[in-house]
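Listing of upload.cif, mmCIF, C-alpha atoms and all ligand atoms
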data_protein
loop_
_atom_site.label_atom_id
_atom_site.label_comp_id
_atom_site.auth_asym_id
_atom_site.auth_seq_id
_atom_site.Cartn_x
_atom_site.Cartn_y
_atom_site.Cartn_z
CA MET A 924 0.00 0.00 0.00
CA THR A 925 1.26 3.50 -0.79
CA ILE A 926 1.05 6.39 1.69
CA SER A 927 -1.64 7.95 -0.46
CA GLU A 928 -3.72 4.73 -0.43
CA LEU A 929 -3.21 4.35 3.29
CA LYS A 930 -4.43 7.92 3.83
CA GLN A 931 -7.54 7.21 1.79
CA PHE A 932 -8.18 4.00 3.78
CA PHE A 933 -7.58 5.86 7.08
CA LYS A 934 -10.08 8.58 6.17
CA GLU A 935 -12.74 6.12 4.96
CA GLN A 936 -12.50 4.02 8.10
CA LEU A 937 -12.92 7.07 10.33
CA SER A 938 -15.51 8.93 8.26
CA GLU A 939 -18.27 8.29 10.80
CA ILE A 940 -16.31 9.91 13.62
CA TYR A 941 -14.20 12.60 11.96
CA ILE A 942 -14.81 15.04 9.14
CA ASP A 943 -12.36 14.84 6.24
CA SER A 944 -10.07 17.68 7.40
CA GLU A 945 -9.86 16.23 10.95
CA SER A 946 -8.95 12.72 9.78
CA GLY A 947 -6.41 14.24 7.37
CA GLU A 948 -4.81 16.13 10.27
CA LEU A 949 -4.84 13.00 12.44
CA PHE A 950 -3.19 11.03 9.65
CA SER A 951 -0.37 13.59 9.54
CA ILE A 952 0.04 13.45 13.34
CA PHE A 953 0.30 9.65 13.31
CA CYS A 954 2.64 9.64 10.29
CA SER A 955 4.92 11.96 12.19
CA SER A 956 4.90 9.62 15.20
CA ILE A 957 5.00 6.24 13.36
CA LEU A 958 6.91 7.04 10.17
CA GLY A 959 8.91 9.98 11.52
CA MET A 960 7.74 12.15 8.62
CA ASP A 961 6.79 15.81 8.90
CA LYS A 962 4.02 17.30 6.74
CA PHE A 963 6.40 18.29 3.94
CA GLU A 964 8.07 14.86 3.77
CA LEU A 965 4.64 13.29 3.78
CA ARG A 966 3.49 15.41 0.84
CA ILE A 967 6.47 14.47 -1.32
CA SER A 968 6.31 10.76 -0.37
CA GLN A 969 2.70 10.03 -1.34
CA ASN A 970 3.75 7.17 -3.66
CA ASN A 971 6.15 5.52 -1.19
CA ILE A 972 5.23 1.99 -0.20
CA ILE A 973 4.38 1.36 3.46
CA SER A 974 5.66 -1.91 4.95
CA GLU A 975 3.23 -4.64 6.07
CA GLU A 976 4.33 -4.04 9.64
CA GLN A 977 3.61 -0.32 9.51
CA THR A 978 0.26 -0.95 7.82
CA GLU A 979 -0.67 -3.23 10.73
CA VAL A 980 0.26 -0.48 13.20
CA PHE A 981 -2.06 1.93 11.37
CA LYS A 982 -4.87 -0.65 11.34
CA LYS A 983 -4.57 -1.10 15.10
CA LEU A 984 -4.64 2.65 15.51
CA ILE A 985 -7.74 2.95 13.39
CA SER A 986 -9.61 0.45 15.56
CA GLU A 987 -8.56 2.34 18.70
CA LEU A 988 -9.78 5.59 17.17
CA GLN A 989 -13.02 3.89 16.11
CA SER A 990 -13.59 2.95 19.75
CA GLY A 991 -13.66 6.69 20.52
CA LYS A 992 -10.32 6.75 22.31
CA PRO A 993 -8.79 10.25 22.10
CA TYR A 994 -5.78 10.34 19.78
CA GLN A 995 -3.73 12.05 22.50
CA GLN A 996 -4.16 9.00 24.76
CA ILE A 997 -3.21 6.67 21.89
CA LEU A 998 -0.06 8.69 21.26
CA GLY A 999 0.57 9.09 25.01
CA GLU A 1000 1.40 12.74 24.50
CA THR A 1001 0.00 16.05 23.38
CA GLU A 1002 1.06 19.59 22.69
CA PHE A 1003 -0.10 22.39 24.95
CA TYR A 1004 1.08 25.98 24.98
CA GLY A 1005 3.80 24.97 22.49
CA LEU A 1006 5.19 22.32 24.87
CA GLN A 1007 5.07 18.52 24.88
CA PHE A 1008 3.18 16.77 27.69
CA PHE A 1009 2.64 13.11 28.53
CA VAL A 1010 -1.02 12.22 28.92
CA ASP A 1011 -2.82 9.01 29.86
CA GLU A 1012 -6.17 7.77 31.09
CA ASN A 1013 -5.56 9.27 34.55
CA VAL A 1014 -5.50 12.90 33.48
CA LEU A 1015 -7.73 15.31 31.63
CA ILE A 1016 -6.50 15.96 28.11
CA PRO A 1017 -5.47 19.64 28.10
CA ARG A 1018 -8.04 21.89 26.44
CA PRO A 1019 -7.40 25.05 24.40
CA GLU A 1020 -9.47 27.13 26.88
CA THR A 1021 -6.82 26.41 29.51
CA GLU A 1022 -4.21 27.93 27.20
CA GLU A 1023 -6.37 31.06 27.25
CA LEU A 1024 -6.53 30.93 31.06
CA LEU A 1025 -2.74 30.84 31.14
CA GLU A 1026 -2.44 33.70 28.61
CA LEU A 1027 -4.68 35.79 30.86
CA ALA A 1028 -2.83 34.87 34.05
CA ILE A 1029 0.64 35.44 32.57
CA SER A 1030 -0.32 38.82 31.16
CA GLU A 1031 -1.93 40.03 34.43
CA ILE A 1032 0.93 38.73 36.60
CA GLN A 1033 3.42 40.52 34.35
CA LYS A 1034 1.45 43.77 34.69
CA SER A 1035 1.25 43.46 38.49
CA ASN A 1036 4.02 44.46 40.86
CA LEU A 1037 4.02 41.07 42.59
CA THR A 1038 7.51 39.76 43.36
CA ASP A 1039 8.87 36.57 44.96
CA LEU A 1040 5.83 34.82 43.59
CA LYS A 1041 4.24 31.89 45.38
CA ILE A 1042 1.80 30.18 43.05
CA LEU A 1043 -0.74 27.42 43.78
CA ASP A 1044 -2.60 25.38 41.14
CA ILE A 1045 -5.63 23.46 42.45
CA GLY A 1046 -6.53 20.23 40.56
CA THR A 1047 -3.38 20.02 38.49
CA GLY A 1048 -4.03 16.85 36.43
CA SER A 1049 -1.14 16.44 33.98
CA GLY A 1050 0.59 19.47 35.52
CA ILE A 1051 0.21 21.75 32.49
CA ILE A 1052 -0.65 24.87 34.52
CA PRO A 1053 2.25 24.84 37.01
CA ILE A 1054 4.69 23.77 34.29
CA VAL A 1055 3.80 26.64 31.95
CA LEU A 1056 3.88 29.13 34.86
CA LYS A 1057 7.23 27.86 36.18
CA LYS A 1058 8.69 28.16 32.66
CA LYS A 1059 7.40 31.73 32.41
CA PHE A 1060 8.34 32.72 35.99
CA PRO A 1061 11.41 30.59 36.82
CA GLU A 1062 12.00 32.34 40.16
CA ALA A 1063 8.48 31.58 41.40
CA LYS A 1064 7.77 28.90 43.99
CA VAL A 1065 5.12 26.80 42.33
CA SER A 1066 2.93 24.23 44.08
CA ALA A 1067 0.12 22.09 42.71
CA ILE A 1068 -2.54 19.97 44.39
CA ASP A 1069 -4.39 16.93 43.13
CA PHE A 1070 -6.19 14.13 44.96
CA SER A 1071 -5.37 11.59 42.25
CA GLU A 1072 -2.07 9.86 42.99
CA LYS A 1073 -1.92 8.57 39.41
CA ALA A 1074 -2.48 12.07 37.96
CA LEU A 1075 0.36 13.33 40.14
CA GLU A 1076 2.66 10.59 38.78
CA THR A 1077 1.98 11.90 35.26
CA ALA A 1078 2.39 15.53 36.40
CA THR A 1079 5.73 14.66 38.02
CA LYS A 1080 6.86 12.89 34.85
CA ASN A 1081 6.00 16.04 32.89
CA ALA A 1082 7.80 18.33 35.34
CA ASP A 1083 10.88 16.06 35.23
CA PHE A 1084 10.76 16.03 31.42
CA HIS A 1085 10.81 19.84 31.42
CA LYS A 1086 13.43 19.85 34.23
CA LEU A 1087 11.31 22.04 36.50
CA ASP A 1088 11.11 22.11 40.26
CA ILE A 1089 7.44 22.03 41.25
CA LYS A 1090 6.00 20.96 44.60
CA PHE A 1091 3.22 18.45 43.99
CA ILE A 1092 0.84 17.94 46.92
CA HIS A 1093 -1.32 14.83 47.18
CA GLU A 1094 -4.42 16.14 48.92
CA ASN A 1095 -8.19 16.30 48.76
CA TYR A 1096 -8.60 20.06 48.39
CA LEU A 1097 -12.23 20.02 49.50
CA GLN A 1098 -11.39 18.28 52.77
CA GLU A 1099 -8.05 19.78 53.79
CA ASN A 1100 -7.03 23.25 54.93
CA LEU A 1101 -4.30 25.03 52.97
CA SER A 1102 -1.22 25.52 55.08
CA GLU A 1103 0.45 28.37 53.18
CA VAL A 1104 -0.32 31.82 51.78
CA TYR A 1105 0.01 32.38 48.03
CA ASP A 1106 0.35 35.38 45.69
CA VAL A 1107 -1.44 33.60 42.87
CA ILE A 1108 -4.12 30.91 43.09
CA ILE A 1109 -5.09 29.36 39.79
CA SER A 1110 -7.44 26.49 39.02
CA ASN A 1111 -9.37 24.62 36.38
CA PRO A 1112 -11.38 22.44 38.77
CA PRO A 1113 -14.07 19.89 37.87
CA TYR A 1114 -17.00 22.15 37.00
CA ILE A 1115 -19.52 20.13 35.04
CA GLY A 1116 -22.74 19.66 36.99
CA ARG A 1117 -24.19 16.15 37.31
CA ASP A 1118 -27.30 17.43 35.50
CA GLU A 1119 -25.12 18.30 32.47
CA GLU A 1120 -23.67 14.77 32.13
CA ILE A 1121 -26.05 14.02 29.27
CA GLU A 1122 -24.55 16.85 27.19
CA ILE A 1123 -21.01 15.43 27.39
CA ALA A 1124 -19.75 13.24 24.52
CA ASP A 1125 -19.59 9.51 25.31
CA SER A 1126 -15.92 9.35 24.27
CA VAL A 1127 -15.08 12.02 26.88
CA LYS A 1128 -17.03 10.22 29.62
CA GLU A 1129 -15.63 6.83 28.68
CA PHE A 1130 -11.96 7.72 28.33
CA GLU A 1131 -11.26 10.72 30.58
CA PRO A 1132 -11.41 10.54 34.39
CA LYS A 1133 -14.90 11.41 35.63
CA THR A 1134 -13.41 12.95 38.77
CA ALA A 1135 -11.59 15.47 36.55
CA LEU A 1136 -14.76 16.47 34.74
CA PHE A 1137 -17.68 16.39 37.13
CA SER A 1138 -18.34 18.20 40.36
CA PRO A 1139 -18.41 15.58 43.15
CA THR A 1140 -21.78 16.85 44.43
CA SER A 1141 -24.90 18.39 42.92
CA ASN A 1142 -23.30 21.77 43.67
CA ALA A 1143 -21.22 22.60 40.56
CA LEU A 1144 -19.66 25.56 42.40
CA ILE A 1145 -18.24 23.59 45.33
CA PHE A 1146 -14.57 24.18 44.36
CA TYR A 1147 -15.14 27.89 43.70
CA GLU A 1148 -16.85 28.33 47.08
CA LYS A 1149 -13.81 26.85 48.86
CA ILE A 1150 -11.37 28.86 46.74
CA ALA A 1151 -13.31 32.07 47.61
CA GLU A 1152 -13.13 31.13 51.30
CA ASP A 1153 -9.39 30.43 50.98
CA CYS A 1154 -8.81 33.88 49.45
CA LYS A 1155 -9.51 35.34 52.92
CA ASN A 1156 -6.53 33.72 54.69
CA HIS A 1157 -4.41 32.09 52.00
CA LEU A 1158 -4.04 34.86 49.41
CA THR A 1159 -1.61 37.73 50.01
CA GLU A 1160 -2.72 41.37 49.91
CA ASN A 1161 -2.67 42.29 46.16
CA GLY A 1162 -2.70 38.55 45.41
CA MET A 1163 -4.51 37.33 42.29
CA VAL A 1164 -6.91 34.50 41.44
CA PHE A 1165 -7.45 32.96 37.97
CA LEU A 1166 -10.19 30.41 37.37
CA GLU A 1167 -11.59 28.47 34.45
CA ILE A 1168 -15.34 28.17 34.96
CA ASN A 1169 -18.58 26.59 33.78
CA GLN A 1170 -19.83 28.87 31.01
CA LYS A 1171 -23.39 28.58 32.30
CA LEU A 1172 -22.46 29.82 35.75
CA GLY A 1173 -20.48 32.98 34.97
CA GLU A 1174 -22.33 35.50 37.14
CA GLU A 1175 -22.87 32.99 39.97
CA THR A 1176 -19.14 32.18 40.07
CA LYS A 1177 -18.11 35.83 39.88
CA SER A 1178 -20.47 36.76 42.73
CA LEU A 1179 -18.66 34.36 45.11
CA PHE A 1180 -15.56 36.56 44.88
CA ILE A 1181 -17.11 40.04 45.14
CA GLU A 1182 -16.82 40.10 48.94
CA VAL A 1183 -13.29 38.68 49.18
CA LEU A 1184 -11.50 40.47 46.31
CA SER A 1185 -11.25 44.19 45.55
CA GLU A 1186 -11.80 43.63 41.82
CA VAL A 1187 -13.35 40.69 39.98
CA HIS A 1188 -13.72 40.16 36.23
CA LEU A 1189 -15.77 37.72 34.17
CA VAL A 1190 -14.00 37.07 30.85
CA LYS A 1191 -15.19 35.35 27.68
CA ASP A 1192 -13.14 32.79 25.77
CA ILE A 1193 -12.48 33.12 22.03
CA SER A 1194 -15.72 31.27 21.31
CA GLY A 1195 -17.63 33.99 23.18
CA ASN A 1196 -18.50 31.85 26.24
CA GLU A 1197 -18.13 33.21 29.78
CA ARG A 1198 -15.18 31.02 30.68
CA PHE A 1199 -12.89 32.74 33.19
CA VAL A 1200 -13.16 34.63 36.46
CA TRP A 1201 -10.12 36.47 37.69
CA GLY A 1202 -9.50 39.08 40.31
CA LYS A 1203 -7.19 40.89 42.71
CA LYS A 1204 -7.40 41.06 46.48
C1 LIG B 1301 -10.65 19.69 35.11
S1 LIG B 1301 -9.27 18.73 35.66
C2 LIG B 1301 -7.98 19.92 35.35
C3 LIG B 1301 -6.64 19.32 35.08
C4 LIG B 1301 -5.59 20.32 34.60
N1 LIG B 1301 -5.41 21.38 35.57
C5 LIG B 1301 -5.99 20.91 33.26
O1 LIG B 1301 -6.38 22.09 33.23
O2 LIG B 1301 -5.94 20.20 32.25
C6 LIG B 1301 -9.49 18.77 37.41
C7 LIG B 1301 -8.47 18.06 38.26
O3 LIG B 1301 -8.88 18.20 39.63
C8 LIG B 1301 -8.59 17.00 40.33
N2 LIG B 1301 -9.50 16.92 41.48
C9 LIG B 1301 -10.81 16.58 41.48
N3 LIG B 1301 -11.30 16.63 42.73
C10 LIG B 1301 -10.27 17.01 43.54
C11 LIG B 1301 -10.17 17.24 44.93
N4 LIG B 1301 -11.21 17.10 45.75
N5 LIG B 1301 -8.96 17.62 45.43
C12 LIG B 1301 -7.89 17.78 44.61
N6 LIG B 1301 -7.94 17.57 43.28
C13 LIG B 1301 -9.12 17.19 42.74
C14 LIG B 1301 -8.80 15.90 39.30
O4 LIG B 1301 -8.08 14.74 39.67
C15 LIG B 1301 -8.29 16.58 38.02
O5 LIG B 1301 -6.94 16.27 37.81
#
Show me the file's structure as structure tokens.
Amino acid sequence: MTISELKQFFKEQLSEIYIDSESGELFSIFCSSILGMDKFELRISQNNIISEEQTEVFKKLISELQSGKPYQQILGETEFYGLQFFVDENVLIPRPETEELLELAISEIQKSNLTDLKILDIGTGSGIIPIVLKKKFPEAKVSAIDFSEKALETATKNADFHKLDIKFIHENYLQENLSEVYDVIISNPPYIGRDEEIEIADSVKEFEPKTALFSPTSNALIFYEKIAEDCKNHLTENGMVFLEINQKLGEETKSLFIEVLSEVHLVKDISGNERFVWGKK
């Protein structure tokens, strides 16, 4: 089979799950990982013959993709904020909205006069948030909490890969008291309400950890309520908070912080959804 024929086969097999442009992009991603070819090499090698062995690898991949498994989990890695990260079934696959959260946080921290930064990320998953912040602010002391031991193993692997010193804390945030005071608290906690479960794609529910997606109780704001409470005693004067939120609960989430911060903002993502709350003490 030539590369061109394999691409055609790949697209046909996945046509019920992916539109043509998506399966074409996926094919390029897998060719880069399996054949070691970038997009240009791929374009000029359309008539090259693929070995039986490599064809079998692609067939196995296709059946995994057909099962709904996210391609990032199949590859075991993904790109986020221009960096490589290991991902697996124990962590949420990083979403583009979280890149926007980081853009916002980095720009506001740079504008502030905060120094000797102490940063806390709550619900760190694969560790993307503390890793990007530590890269941007190498002098900062960065800590990150998660209650999933397995997620923390992946986060530690990512921090080691990027050679960064981050303090990972294995803790149930909802049940424990913070012991330190931070200049920046940032979080993308589980914020999908149980009543919204029906709206979430089966492939997401089946392959990504439910505890990363869904609020543990019927109260979808439970993490935000605790974070607001923690702002009283665990956020420095002039400290800042950055949160990714449920787009349906923008005003409700913002209102939790009105009393504890001197300024609070509700910000839309590039799709126009109310997606972030941030503020200063
Ligand atoms: C929405 S994911 C965010 C992961 C990562 N920060 C990101 O943006 O991709 C939420 C994370 O919170 C963690 N988590 C859920 N409940 C928790 C709790 N009670 N205490 C600490 N971490 C919790 C989950 O294990 C998961 O890794």
Listing only residues of chain A within 7 Å of ligand LIG 1301 (chain B), what is the closest atom pair and its distance in Å (to one decimal) for each, using all atoms listed in the file, sorted by chain and residue number ascending, as a Markdown table?
| residue | atom | partner | partner_atom | distance |
| --- | --- | --- | --- | --- |
| A:Val1014 | CA | B:LIG1301 | O5 | 5.7 |
| A:Leu1015 | CA | B:LIG1301 | O2 | 5.2 |
| A:Ile1016 | CA | B:LIG1301 | O2 | 6.0 |
| A:Pro1017 | CA | B:LIG1301 | O2 | 4.2 |
| A:Arg1018 | CA | B:LIG1301 | O2 | 6.4 |
| A:Thr1021 | CA | B:LIG1301 | O1 | 5.7 |
| A:Ile1045 | CA | B:LIG1301 | N6 | 6.4 |
| A:Gly1046 | CA | B:LIG1301 | O3 | 3.2 |
| A:Thr1047 | CA | B:LIG1301 | N1 | 3.8 |
| A:Gly1048 | CA | B:LIG1301 | O5 | 3.3 |
| A:Ser1049 | CA | B:LIG1301 | C4 | 5.9 |
| A:Gly1050 | CA | B:LIG1301 | N1 | 6.3 |
| A:Ile1051 | CA | B:LIG1301 | C5 | 6.3 |
| A:Ile1052 | CA | B:LIG1301 | N1 | 6.0 |
| A:Ile1068 | CA | B:LIG1301 | C12 | 5.8 |
| A:Asp1069 | CA | B:LIG1301 | N6 | 3.6 |
| A:Phe1070 | CA | B:LIG1301 | C12 | 4.0 |
| A:Ser1071 | CA | B:LIG1301 | O4 | 4.9 |
| A:Ala1074 | CA | B:LIG1301 | O5 | 6.1 |
| A:Glu1094 | CA | B:LIG1301 | C12 | 5.8 |
| A:Asn1095 | CA | B:LIG1301 | N5 | 3.7 |
| A:Tyr1096 | CA | B:LIG1301 | N5 | 3.9 |
| A:Leu1097 | CA | B:LIG1301 | N4 | 4.9 |
| A:Ser1110 | CA | B:LIG1301 | N1 | 6.5 |
| A:Asn1111 | CA | B:LIG1301 | C2 | 5.0 |
| A:Pro1112 | CA | B:LIG1301 | C6 | 4.3 |
| A:Pro1113 | CA | B:LIG1301 | C1 | 4.4 |
| A:Thr1134 | CA | B:LIG1301 | C9 | 5.2 |
| A:Ala1135 | CA | B:LIG1301 | C15 | 3.8 |
| A:Leu1136 | CA | B:LIG1301 | C1 | 5.2 |
Please write out, as lines of an AutoDock Vina configuration file, where the centre of an axis-aligned box around all listed atoms of stretch 1098-1102 of chain A lies and how long its edges are, in Å to one decimal, after adding 4 Å on each side.
center_x = -6.3
center_y = 21.9
center_z = 53.9
size_x = 18.2
size_y = 15.2
size_z = 10.3
Can you tell me which residues surround A:Ile940 at a distance of at most 9 Å, considering only C-alpha atoms, apart from same-chain residues fewer than 3 positions away, and format the answer as a PDB file with C-alpha atoms, in the frame of the given file?
ATOM      1  CA  GLN A 936     -12.500   4.020   8.100  1.00  0.00           C
ATOM      2  CA  LEU A 937     -12.920   7.070  10.330  1.00  0.00           C
ATOM      3  CA  SER A 946      -8.950  12.720   9.780  1.00  0.00           C
ATOM      4  CA  LEU A 988      -9.780   5.590  17.170  1.00  0.00           C
ATOM      5  CA  GLN A 989     -13.020   3.890  16.110  1.00  0.00           C
ATOM      6  CA  GLY A 991     -13.660   6.690  20.520  1.00  0.00           C
TER       7      GLY A 991
END
- line: If you count all atoms listed in the file, the residue of A:Asp1153, A:Glu1122, A:Glu1131, A:Glu1167 closest to A:Glu1099 turns out to be A:Asp1153
message: Which residues are near A:Pro993? Cut-off 8 Å, only C-alpha atoms, ignore same chain within fewer than 4 positions. Put them as a PyMOL selection string.
response: chain A and resi 988+997+1126+1130
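For the set A:Ile1193, A:Leu1024, A:Leu1006, A:Leu958, the residue with the smallest atom-to-atom gap to A:Ile1109 is A:Leu1024, counting all atoms listed in the file.
Residue nearest A:Glu976, chosen from A:Ser1141, A:Met924, A:Gly947, A:Glu1000 and counting all atoms listed in the file: A:Met924.
Among the candidates A:Glu928, A:Gly959, A:Ala1151, A:Val1010, the residue lying nearest to A:Thr978 is A:Glu928 (atoms considered: only C-alpha atoms).
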Which residues of stretch 1048-1086 of chain A have any atom within 6 Å of an atom in stretch 1025-1042 of chain A when counting only C-alpha atoms, and what is the closest pair of atoms for each, with the distance in Å to one decimal? Order the rows by chain and rising number and write it as a Markdown table.
| residue | atom | partner | partner_atom | distance |
| --- | --- | --- | --- | --- |
| A:Ala1063 | CA | A:Leu1040 | CA | 4.7 |
| A:Lys1064 | CA | A:Lys1041 | CA | 4.8 |
| A:Val1065 | CA | A:Ile1042 | CA | 4.8 |
